[in-house]
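A.B. asks: My file is structure_14.cif. It has mmCIF, C-alpha atoms:
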data_structure
#
loop_
_atom_site.label_atom_id
_atom_site.label_comp_id
_atom_site.auth_asym_id
_atom_site.auth_seq_id
_atom_site.Cartn_x
_atom_site.Cartn_y
_atom_site.Cartn_z
CA MET F 1 -26.73 -26.46 24.33
CA HIS F 2 -23.30 -27.03 25.80
CA ALA F 3 -21.87 -27.60 22.34
CA GLU F 4 -23.49 -24.39 21.06
CA ASP F 5 -22.15 -22.41 24.01
CA ALA F 6 -18.68 -23.82 23.48
CA THR F 7 -18.83 -22.95 19.79
CA ARG F 8 -20.02 -19.43 20.55
CA ARG F 9 -17.30 -18.87 23.16
CA ALA F 10 -14.67 -20.20 20.76
CA GLY F 11 -15.91 -17.80 18.08
CA GLU F 12 -15.83 -14.87 20.49
CA GLY F 13 -12.32 -15.84 21.55
CA ARG F 14 -11.11 -15.90 17.94
CA ALA F 15 -12.76 -12.52 17.30
CA ARG F 16 -11.05 -10.99 20.34
CA ARG F 17 -7.68 -12.37 19.28
CA ALA F 18 -8.20 -11.04 15.74
CA LEU F 19 -9.02 -7.59 17.09
CA SER F 20 -6.10 -7.55 19.52
CA ARG F 21 -3.52 -8.57 16.89
CA PRO F 22 -3.43 -5.15 15.12
CA VAL F 23 -3.20 -3.43 18.51
CA LYS F 24 -0.19 -5.54 19.49
CA ARG F 25 1.47 -4.75 16.17
CA LEU F 26 0.81 -1.05 16.67
CA LEU F 27 2.42 -1.23 20.11
CA LEU F 28 5.44 -2.98 18.59
CA LEU F 29 5.69 -0.27 15.92
CA ALA F 30 5.42 2.40 18.62
CA GLY F 31 8.32 0.74 20.46
CA LEU F 32 10.42 0.67 17.28
CA ALA F 33 9.61 4.32 16.58
CA GLY F 34 10.55 5.22 20.15
CA CYS F 35 13.89 3.40 19.80
CA ALA F 36 14.57 5.17 16.50
CA VAL F 37 13.78 8.57 18.01
CA THR F 38 15.94 7.88 21.07
CA GLY F 39 18.83 6.74 18.91
CA PHE F 40 18.56 9.75 16.62
CA MET F 41 18.56 12.20 19.53
CA THR F 42 21.28 10.58 21.69
CA LEU F 43 23.81 8.75 19.50
CA GLY F 44 27.02 10.63 18.77
CA LEU F 45 26.38 13.55 21.11
CA GLY F 46 29.41 15.75 21.66
CA GLY F 47 30.57 19.34 21.60
CA ASN F 48 27.83 21.92 22.06
CA ILE F 49 25.13 19.51 23.26
CA SER F 50 22.36 22.12 23.57
CA TYR F 51 22.83 23.28 19.97
CA ILE F 52 23.03 19.70 18.67
CA LEU F 53 19.87 18.69 20.53
CA MET F 54 18.00 21.74 19.22
CA HIS F 55 19.10 21.02 15.64
CA ARG F 56 18.24 17.34 15.90
CA GLY F 57 14.90 18.22 17.48
CA LEU F 58 13.98 20.39 14.49
CA VAL F 59 15.02 17.68 12.04
CA LEU F 60 13.10 15.07 14.05
CA ALA F 61 9.96 17.22 14.12
CA THR F 62 10.24 17.71 10.35
CA MET F 63 10.55 13.97 9.72
CA LEU F 64 7.58 13.17 11.99
CA LEU F 65 5.40 15.78 10.28
CA VAL F 66 6.35 14.46 6.83
CA ALA F 67 5.71 10.88 7.99
CA PHE F 68 2.21 11.83 9.12
CA ALA F 69 1.34 14.06 6.16
CA SER F 70 2.67 11.81 3.40
CA GLY F 71 1.44 8.52 4.89
CA THR F 72 -2.02 9.79 5.82
CA ALA F 73 -2.52 11.54 2.47
CA THR F 74 -1.68 8.36 0.54
CA LEU F 75 -3.88 6.18 2.77
CA LEU F 76 -6.86 8.52 2.34
CA PHE F 77 -6.30 8.79 -1.40
CA GLN F 78 -6.13 5.03 -1.82
CA THR F 79 -9.26 4.61 0.32
CA VAL F 80 -11.23 6.94 -1.94
CA THR F 81 -9.89 5.54 -5.22
CA GLY F 82 -9.98 1.91 -4.10
CA ASN F 83 -6.52 1.37 -5.58
CA ARG F 84 -3.34 0.64 -3.59
CA ILE F 85 -1.02 1.63 -6.43
CA LEU F 86 -2.14 5.26 -6.88
CA THR F 87 -0.58 8.11 -4.89
CA PRO F 88 -1.59 11.80 -4.56
CA SER F 89 1.44 12.82 -6.62
CA ILE F 90 -0.40 11.59 -9.72
CA MET F 91 -2.67 14.66 -9.38
CA GLY F 92 0.28 16.88 -10.29
CA LEU F 93 0.74 18.65 -6.94
CA GLU F 94 4.46 17.92 -6.68
CA ALA F 95 5.01 18.97 -10.30
CA LEU F 96 3.15 22.19 -9.49
CA PHE F 97 5.45 22.76 -6.47
CA ILE F 98 8.49 22.53 -8.76
CA LEU F 99 6.84 24.94 -11.22
CA ILE F 100 6.07 27.41 -8.39
CA GLN F 101 9.69 27.36 -7.21
CA THR F 102 10.90 27.83 -10.78
CA LEU F 103 8.54 30.76 -11.38
CA LEU F 104 9.56 32.45 -8.12
CA ILE F 105 13.24 32.24 -9.05
CA PHE F 106 12.53 33.25 -12.67
CA LEU F 107 10.24 36.23 -11.92
CA ILE F 108 11.49 37.49 -8.56
CA ASP F 109 15.07 36.09 -8.43
CA ALA F 110 16.73 34.57 -5.37
CA ASN F 111 17.33 37.88 -3.59
CA GLY F 112 13.71 38.95 -3.90
CA LEU F 113 12.52 35.72 -2.29
CA ALA F 114 14.20 36.72 0.95
CA GLN F 115 11.64 39.53 1.35
CA LEU F 116 8.83 36.98 1.65
CA GLY F 117 10.40 35.41 4.72
CA VAL F 118 10.37 31.69 5.48
CA SER F 119 6.81 31.71 6.81
CA GLY F 120 5.53 33.79 3.91
CA LYS F 121 7.14 31.49 1.37
CA PHE F 122 5.75 28.39 3.11
CA LEU F 123 2.24 29.86 3.19
CA CYS F 124 2.56 30.98 -0.42
CA ASP F 125 3.56 27.49 -1.58
CA THR F 126 0.82 25.83 0.46
CA LEU F 127 -1.94 28.21 -0.63
CA LEU F 128 -1.03 27.96 -4.31
CA LEU F 129 -1.15 24.17 -4.14
CA LEU F 130 -4.51 24.32 -2.38
CA VAL F 131 -5.91 26.78 -4.91
CA PHE F 132 -4.95 24.36 -7.67
CA SER F 133 -6.76 21.55 -5.85
CA LEU F 134 -9.88 23.66 -5.38
CA PHE F 135 -9.79 24.58 -9.06
CA LEU F 136 -9.44 20.93 -9.99
CA TYR F 137 -12.22 19.60 -7.76
CA ARG F 138 -14.81 22.35 -7.49
CA TRP F 139 -14.65 24.44 -10.66
CA LEU F 140 -13.32 22.26 -13.43
CA LEU F 141 -15.56 19.33 -12.44
CA ALA F 142 -18.50 21.31 -11.09
CA GLY F 143 -20.83 20.17 -13.84
CA VAL F 144 -20.32 16.44 -13.32
CA GLY F 145 -19.37 16.18 -9.66
CA ILE F 146 -16.31 14.41 -8.33
CA ASP F 147 -15.48 11.83 -10.96
CA LEU F 148 -12.32 10.15 -9.68
CA HIS F 149 -11.23 8.89 -13.09
CA ARG F 150 -11.61 12.39 -14.52
CA VAL F 151 -9.69 13.86 -11.57
CA LEU F 152 -6.82 11.43 -12.09
CA LEU F 153 -6.74 12.05 -15.84
CA VAL F 154 -6.78 15.84 -15.47
CA GLY F 155 -4.18 15.64 -12.71
CA LEU F 156 -1.90 13.52 -14.89
CA VAL F 157 -2.23 15.94 -17.82
CA CYS F 158 -1.62 18.95 -15.55
CA GLY F 159 1.43 17.26 -14.03
CA THR F 160 2.90 16.71 -17.48
CA LEU F 161 2.18 20.34 -18.41
CA PHE F 162 3.77 21.65 -15.20
CA ARG F 163 6.92 19.56 -15.71
CA SER F 164 7.25 20.79 -19.30
CA LEU F 165 6.89 24.44 -18.25
CA SER F 166 9.37 23.94 -15.42
CA GLY F 167 11.90 22.40 -17.80
CA LEU F 168 11.52 25.30 -20.25
CA LEU F 169 11.95 27.99 -17.58
CA GLN F 170 14.89 26.21 -15.96
CA ARG F 171 16.78 26.34 -19.26
CA LEU F 172 16.38 30.15 -19.23
CA LEU F 173 17.79 30.61 -15.72
CA SER F 174 21.33 31.74 -15.02
CA PRO F 175 23.68 29.08 -13.59
CA GLY F 176 23.58 30.69 -10.14
CA ASP F 177 19.78 30.85 -9.97
CA PHE F 178 19.54 27.30 -11.32
CA ALA F 179 21.82 26.05 -8.54
CA ILE F 180 19.61 27.78 -5.94
CA LEU F 181 16.52 26.26 -7.54
CA GLN F 182 18.01 22.76 -7.42
CA GLY F 183 18.54 23.20 -3.70
CA ARG F 184 14.88 24.18 -3.25
CA ILE F 185 13.28 21.36 -5.23
CA PHE F 186 15.48 18.55 -3.87
CA ALA F 187 13.91 16.91 -0.83
CA THR F 188 15.81 17.54 2.40
CA PHE F 189 14.82 17.36 6.07
CA THR F 190 17.29 19.91 7.45
CA ARG F 191 16.15 23.25 6.03
CA ALA F 192 12.78 23.85 7.76
CA ALA F 193 12.75 26.84 10.12
CA PRO F 194 11.18 26.58 13.61
CA GLU F 195 8.27 28.87 12.73
CA ILE F 196 7.44 26.74 9.67
CA ILE F 197 7.56 23.56 11.74
CA ALA F 198 5.24 25.08 14.35
CA LEU F 199 2.79 26.22 11.67
CA ALA F 200 2.84 22.83 9.92
CA ALA F 201 2.40 21.03 13.25
CA GLY F 202 -0.71 23.06 14.04
CA ILE F 203 -2.26 22.32 10.64
CA CYS F 204 -1.40 18.61 10.85
CA THR F 205 -2.91 18.39 14.35
CA LEU F 206 -6.18 19.88 13.09
CA VAL F 207 -6.23 17.52 10.09
CA ALA F 208 -5.48 14.55 12.36
CA LEU F 209 -8.49 15.37 14.54
CA ILE F 210 -10.78 15.67 11.51
CA VAL F 211 -9.54 12.43 9.95
CA TRP F 212 -9.79 10.51 13.24
CA ARG F 213 -13.42 11.56 13.63
CA MET F 214 -14.04 10.27 10.09
CA ARG F 215 -12.37 6.88 10.66
CA HIS F 216 -15.62 4.90 10.68
CA GLN F 217 -16.92 6.67 7.56
CA LEU F 218 -13.61 5.90 5.85
CA ASP F 219 -14.19 2.19 6.54
CA VAL F 220 -17.51 2.45 4.73
CA ILE F 221 -16.13 4.51 1.82
CA ALA F 222 -13.43 1.87 1.32
CA LEU F 223 -16.19 -0.61 0.46
CA GLY F 224 -16.98 1.30 -2.75
CA ARG F 225 -19.23 4.11 -3.95
CA ASP F 226 -22.47 2.15 -4.32
CA THR F 227 -22.10 0.37 -0.99
CA ALA F 228 -21.24 3.61 0.81
CA ILE F 229 -24.30 5.39 -0.63
CA ASN F 230 -26.56 2.46 0.30
CA LEU F 231 -25.23 2.61 3.87
CA GLY F 232 -26.13 6.29 4.19
CA ILE F 233 -22.83 8.05 3.45
CA ALA F 234 -23.04 11.45 1.74
CA TYR F 235 -20.51 10.20 -0.77
CA GLN F 236 -19.86 13.29 -2.90
CA LYS F 237 -19.51 15.56 0.12
CA GLN F 238 -17.23 13.16 1.99
CA VAL F 239 -15.03 12.45 -1.02
CA THR F 240 -14.64 16.17 -1.72
CA LEU F 241 -13.60 16.80 1.89
CA ILE F 242 -11.17 13.86 1.86
CA LEU F 243 -9.53 14.97 -1.39
CA LEU F 244 -9.10 18.50 -0.05
CA LEU F 245 -7.51 17.11 3.13
CA VAL F 246 -5.22 15.00 0.94
CA SER F 247 -4.24 18.09 -1.04
CA LEU F 248 -3.56 20.03 2.17
CA LEU F 249 -1.34 17.27 3.56
CA VAL F 250 0.57 16.89 0.30
CA ALA F 251 0.99 20.67 0.11
CA ILE F 252 2.37 20.80 3.65
CA SER F 253 4.76 17.89 3.13
CA THR F 254 6.01 19.21 -0.21
CA ALA F 255 6.37 22.80 0.96
CA LEU F 256 8.17 21.59 4.11
CA VAL F 257 10.88 19.37 2.61
CA GLY F 258 10.32 19.16 -1.16
CA PRO F 259 8.88 16.44 -3.40
CA LEU F 260 8.82 12.86 -2.04
CA THR F 261 6.87 10.92 -4.62
CA PHE F 262 7.04 7.38 -3.27
CA LEU F 263 7.26 7.78 0.53
CA GLY F 264 3.49 7.60 1.00
CA LEU F 265 3.18 4.62 -1.34
CA LEU F 266 5.89 2.78 0.59
CA VAL F 267 4.50 3.32 4.10
CA ALA F 268 0.85 2.82 3.11
CA ASN F 269 1.50 -0.56 1.48
CA LEU F 270 3.69 -1.61 4.40
CA ALA F 271 0.85 -0.66 6.75
CA TYR F 272 -1.62 -2.91 4.91
CA GLN F 273 0.75 -5.85 5.27
CA VAL F 274 2.10 -5.21 8.78
CA ILE F 275 -1.08 -4.11 10.59
CA GLY F 276 -3.22 -6.90 9.15
CA SER F 277 -6.45 -4.90 9.43
CA ALA F 278 -8.59 -2.94 7.01
CA ARG F 279 -10.00 -0.66 9.72
CA HIS F 280 -8.81 2.92 9.65
CA ARG F 281 -8.59 3.11 13.43
CA HIS F 282 -5.60 0.77 13.01
CA LEU F 283 -4.31 1.94 9.62
CA LEU F 284 -4.16 5.67 10.47
CA PRO F 285 -1.74 5.32 13.41
CA GLY F 286 -0.03 2.49 11.53
CA VAL F 287 1.02 4.61 8.53
CA PHE F 288 2.34 7.32 10.84
CA LEU F 289 4.38 4.89 12.95
CA ILE F 290 5.77 3.07 9.91
CA GLY F 291 6.62 6.42 8.34
CA ALA F 292 8.39 7.51 11.53
CA VAL F 293 10.37 4.26 11.71
CA THR F 294 11.27 4.55 8.01
CA LEU F 295 12.45 8.16 8.15
CA VAL F 296 14.00 8.38 11.62
CA GLY F 297 15.40 4.85 11.60
CA GLY F 298 16.72 5.30 8.06
CA GLN F 299 18.44 8.55 9.04
CA VAL F 300 20.07 6.87 12.06
CA ILE F 301 21.36 4.01 9.89
CA LEU F 302 22.72 6.41 7.26
CA GLU F 303 24.41 8.62 9.83
CA ARG F 304 25.78 6.08 12.32
CA LEU F 305 26.31 2.88 10.36
CA LEU F 306 26.96 4.08 6.79
CA ASN F 307 28.70 7.41 7.59
CA MET F 308 26.24 9.35 5.39
CA ALA F 309 27.10 7.24 2.35
CA GLY F 310 23.83 8.33 0.77
CA THR F 311 20.86 10.69 1.07
CA LEU F 312 17.72 9.46 2.83
CA SER F 313 15.31 10.94 0.29
CA VAL F 314 17.15 9.26 -2.59
CA VAL F 315 17.11 5.88 -0.82
CA ILE F 316 13.39 6.16 -0.04
CA GLU F 317 12.54 7.19 -3.59
CA PHE F 318 14.56 4.27 -4.95
CA ILE F 319 12.88 1.70 -2.68
CA GLY F 320 9.44 3.26 -3.22
CA GLY F 321 9.94 3.32 -6.99
CA ALA F 322 10.96 -0.34 -6.96
CA LEU F 323 7.85 -1.16 -4.91
CA PHE F 324 5.69 0.77 -7.39
CA ILE F 325 7.08 -1.23 -10.32
CA PHE F 326 6.57 -4.47 -8.38
CA LEU F 327 2.94 -3.62 -7.64
CA LEU F 328 2.33 -2.75 -11.31
CA VAL F 329 3.84 -6.02 -12.49
CA LYS F 330 1.99 -8.00 -9.83
CA LYS F 331 -1.35 -6.44 -10.76
CA ALA F 332 -0.72 -6.99 -14.48
CA ALA F 333 0.02 -10.65 -13.82
CA VAL F 334 -3.27 -11.21 -11.97
#
Please rewrite the model in this file as structure tokens.

C.D. replies:
Amino acid sequence: MHAEDATRRAGEGRARRALSRPVKRLLLLAGLAGCAVTGFMTLGLGGNISYILMHRGLVLATMLLVAFASGTATLLFQTVTGNRILTPSIMGLEALFILIQTLLIFLIDANGLAQLGVSGKFLCDTLLLLVFSLFLYRWLLAGVGIDLHRVLLVGLVCGTLFRSLSGLLQRLLSPGDFAILQGRIFATFTRAAPEIIALAAGICTLVALIVWRMRHQLDVIALGRDTAINLGIAYQKQVTLILLLVSLLVAISTALVGPLTFLGLLVANLAYQVIGSARHRHLLPGVFLIGAVTLVGGQVILERLLNMAGTLSVVIEFIGGALFIFLLVKKAAV
């Protein structure tokens, strides 16, 4: 009996240590994110401090929103597809964003866009991306339900079509309009207006509450379709809701700063390795914190140590693209 009790207590102790390890890592990530935020807001202050703090606050809020939206969208998408290489950009949403910007410049011209206002343009971009997602999930596939392989295939074909149309229209633009378009489709964290940030923050907060309530169901869905159905999950309904939330997050992130194809892939795969847990109650805050450290910390390093020798979005896309190639090669070698 004493031996059995000792064995049971030892097992309980190991279980407690295993559960506390992801929490400790999350706390460490929170500390790193706090240091990055503090450094971004305080280093190099001078001149008109109130203006500088307001400007940095807007940029910081933009980076935190993009970190949440991009990281969470990729994590949810990979949970549903059961594949850690895929990202939501494969569905063609970012290619559609570029096509929308090209069409607006081509049909309305740059001066006419000013009449929409910053909030109107943001809502227009977001709604058009969501309408495309609804068309893809609910109408095009209504006869067969949500078939993930079909969704990915159709998304890939649509993305190719959107890029081809964008390239054709861009060749017909005047040099001035083309220069304005390039500024709109290149990812940057400094152009979001306060009203857009407030609107995006409200939407992201609502999505965060919905996703957090679904965290236990996400753990079950990650086990696979058949297992999830056997455990009582309304699989089709839940997957449809998750994919729509993914589309909303990608739409917000893309409309806020522009296309960032590999940011979500980078932070999601780092979260799997760093957190050391497959539970979404650990992964969801983990992807946000890693995204915040990546964006805010990367911006601090570029500004203070490298004297803006590069652009953060370009560096992230390069590292994320290299990670994507590595994951492809690693999976092919298995």

A.B. asks: Using the chain letters and numbers from this file, what does the PyMOL selection byres ((chain F and resi 310-317) around 7) select? Give the answer as an mmCIF file with C-alpha atoms, keeping the file's coordinate frame.

C.D. replies:
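Dumped to selection.cif:
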data_model
loop_
_atom_site.group_PDB
_atom_site.id
_atom_site.type_symbol
_atom_site.label_atom_id
_atom_site.label_comp_id
_atom_site.auth_asym_id
_atom_site.auth_seq_id
_atom_site.Cartn_x
_atom_site.Cartn_y
_atom_site.Cartn_z
ATOM 1 C CA ALA F 187 13.910 16.910 -0.830
ATOM 2 C CA THR F 188 15.810 17.540 2.400
ATOM 3 C CA LEU F 260 8.820 12.860 -2.040
ATOM 4 C CA THR F 261 6.870 10.920 -4.620
ATOM 5 C CA PHE F 262 7.040 7.380 -3.270
ATOM 6 C CA LEU F 263 7.260 7.780 0.530
ATOM 7 C CA GLY F 298 16.720 5.300 8.060
ATOM 8 C CA GLN F 299 18.440 8.550 9.040
ATOM 9 C CA LEU F 302 22.720 6.410 7.260
ATOM 10 C CA MET F 308 26.240 9.350 5.390
ATOM 11 C CA ALA F 309 27.100 7.240 2.350
ATOM 12 C CA PHE F 318 14.560 4.270 -4.950
ATOM 13 C CA ILE F 319 12.880 1.700 -2.680
ATOM 14 C CA GLY F 320 9.440 3.260 -3.220
ATOM 15 C CA GLY F 321 9.940 3.320 -6.990
#

A.B. asks: Could you spell out the hits of the PyMOL selection byres ((chain F and resi 59) around 12) on the shown file, as a PyMOL selection string?

C.D. replies: chain F and resi 37+40-41+52-58+60-66+188-194+197+256-257+295-296+299-300

A.B. asks: State, in Å with one decimal place, the distance from atom CA of F:Asn48 to atom CA of F:Ala201.

C.D. replies: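 A separation of 26.9 Å between them.
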
A.B. asks: Which distance in Å separates atom CA of F:Glu94 and atom CA of F:Ala179, to one decimal?

C.D. replies: 19.3 Å

A.B. asks: Pick the closest to F:Ala69 from F:Phe132, F:Phe97, F:Phe288, F:Tyr235: which is it, counting all atoms listed in the file?

C.D. replies: F:Phe288

A.B. asks: My list of candidates is F:Gln273, F:Gln238, F:Asn83, F:Ser164. Which is closest to F:Ala95 when distances are computed with all atoms listed in the file?

C.D. replies: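 Closest to F:Ala95, using all atoms listed in the file: F:Ser164.
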
A.B. asks: Just the residues within 12 Å of F:Val246, please, counting all atoms listed in the file, with nothing from its chain fewer than 5 positions along; format it as a PyMOL selection string.

C.D. replies: chain F and resi 68-80+87-89+91+93+129-130+133-134+204+207-208+210-211+239-241+251-253+264

A.B. asks: In Å, how far is it from atom CA of F:Cys124 to atom CA of F:Gly176?

C.D. replies: 23.2 Å

A.B. asks: Find, counting all atoms listed in the file, the residue in F:Arg279, F:Lys121, F:Arg163, F:Arg21 that gets nearest to F:Asp219.

C.D. replies: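 Distance minimum relative to F:Asp219 lands on F:Arg279.
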
A.B. asks: Using only C-alpha atoms, which of the listed residues (F:Ala278, F:Leu289, F:Leu327, F:Ile180) sits closest to F:Thr102?

C.D. replies: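 Closest candidate: F:Ile180.
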
A.B. asks: Since I can't run it myself right now, could you work out what the PyMOL selection byres ((chain F and resi 217) around 10) selects here and report it as an mmCIF file with C-alpha atoms, keeping the file's coordinate frame?

C.D. replies:
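Output saved as expr_11.cif:
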data_model
loop_
_atom_site.group_PDB
_atom_site.id
_atom_site.type_symbol
_atom_site.label_atom_id
_atom_site.label_comp_id
_atom_site.auth_asym_id
_atom_site.auth_seq_id
_atom_site.Cartn_x
_atom_site.Cartn_y
_atom_site.Cartn_z
ATOM 1 C CA VAL F 211 -9.540 12.430 9.950
ATOM 2 C CA TRP F 212 -9.790 10.510 13.240
ATOM 3 C CA ARG F 213 -13.420 11.560 13.630
ATOM 4 C CA MET F 214 -14.040 10.270 10.090
ATOM 5 C CA ARG F 215 -12.370 6.880 10.660
ATOM 6 C CA HIS F 216 -15.620 4.900 10.680
ATOM 7 C CA LEU F 218 -13.610 5.900 5.850
ATOM 8 C CA ASP F 219 -14.190 2.190 6.540
ATOM 9 C CA VAL F 220 -17.510 2.450 4.730
ATOM 10 C CA ILE F 221 -16.130 4.510 1.820
ATOM 11 C CA ALA F 222 -13.430 1.870 1.320
ATOM 12 C CA ALA F 228 -21.240 3.610 0.810
ATOM 13 C CA LEU F 231 -25.230 2.610 3.870
ATOM 14 C CA GLY F 232 -26.130 6.290 4.190
ATOM 15 C CA ILE F 233 -22.830 8.050 3.450
ATOM 16 C CA ALA F 234 -23.040 11.450 1.740
ATOM 17 C CA TYR F 235 -20.510 10.200 -0.770
ATOM 18 C CA GLN F 238 -17.230 13.160 1.990
ATOM 19 C CA HIS F 280 -8.810 2.920 9.650
#

A.B. asks: Using only C-alpha atoms, which of the listed residues (F:Leu128, F:Leu284, F:Val293, F:Leu244) sits closest to F:Ile100?

C.D. replies: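 Using only C-alpha atoms, F:Ile100 sits closest to F:Leu128.
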
A.B. asks: For F:Gly167, which residue among F:Leu209, F:Ile98, F:Gly155, F:Leu104 is the nearest when counting all atoms listed in the file?

C.D. replies: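 The closest residue to F:Gly167 is F:Ile98.
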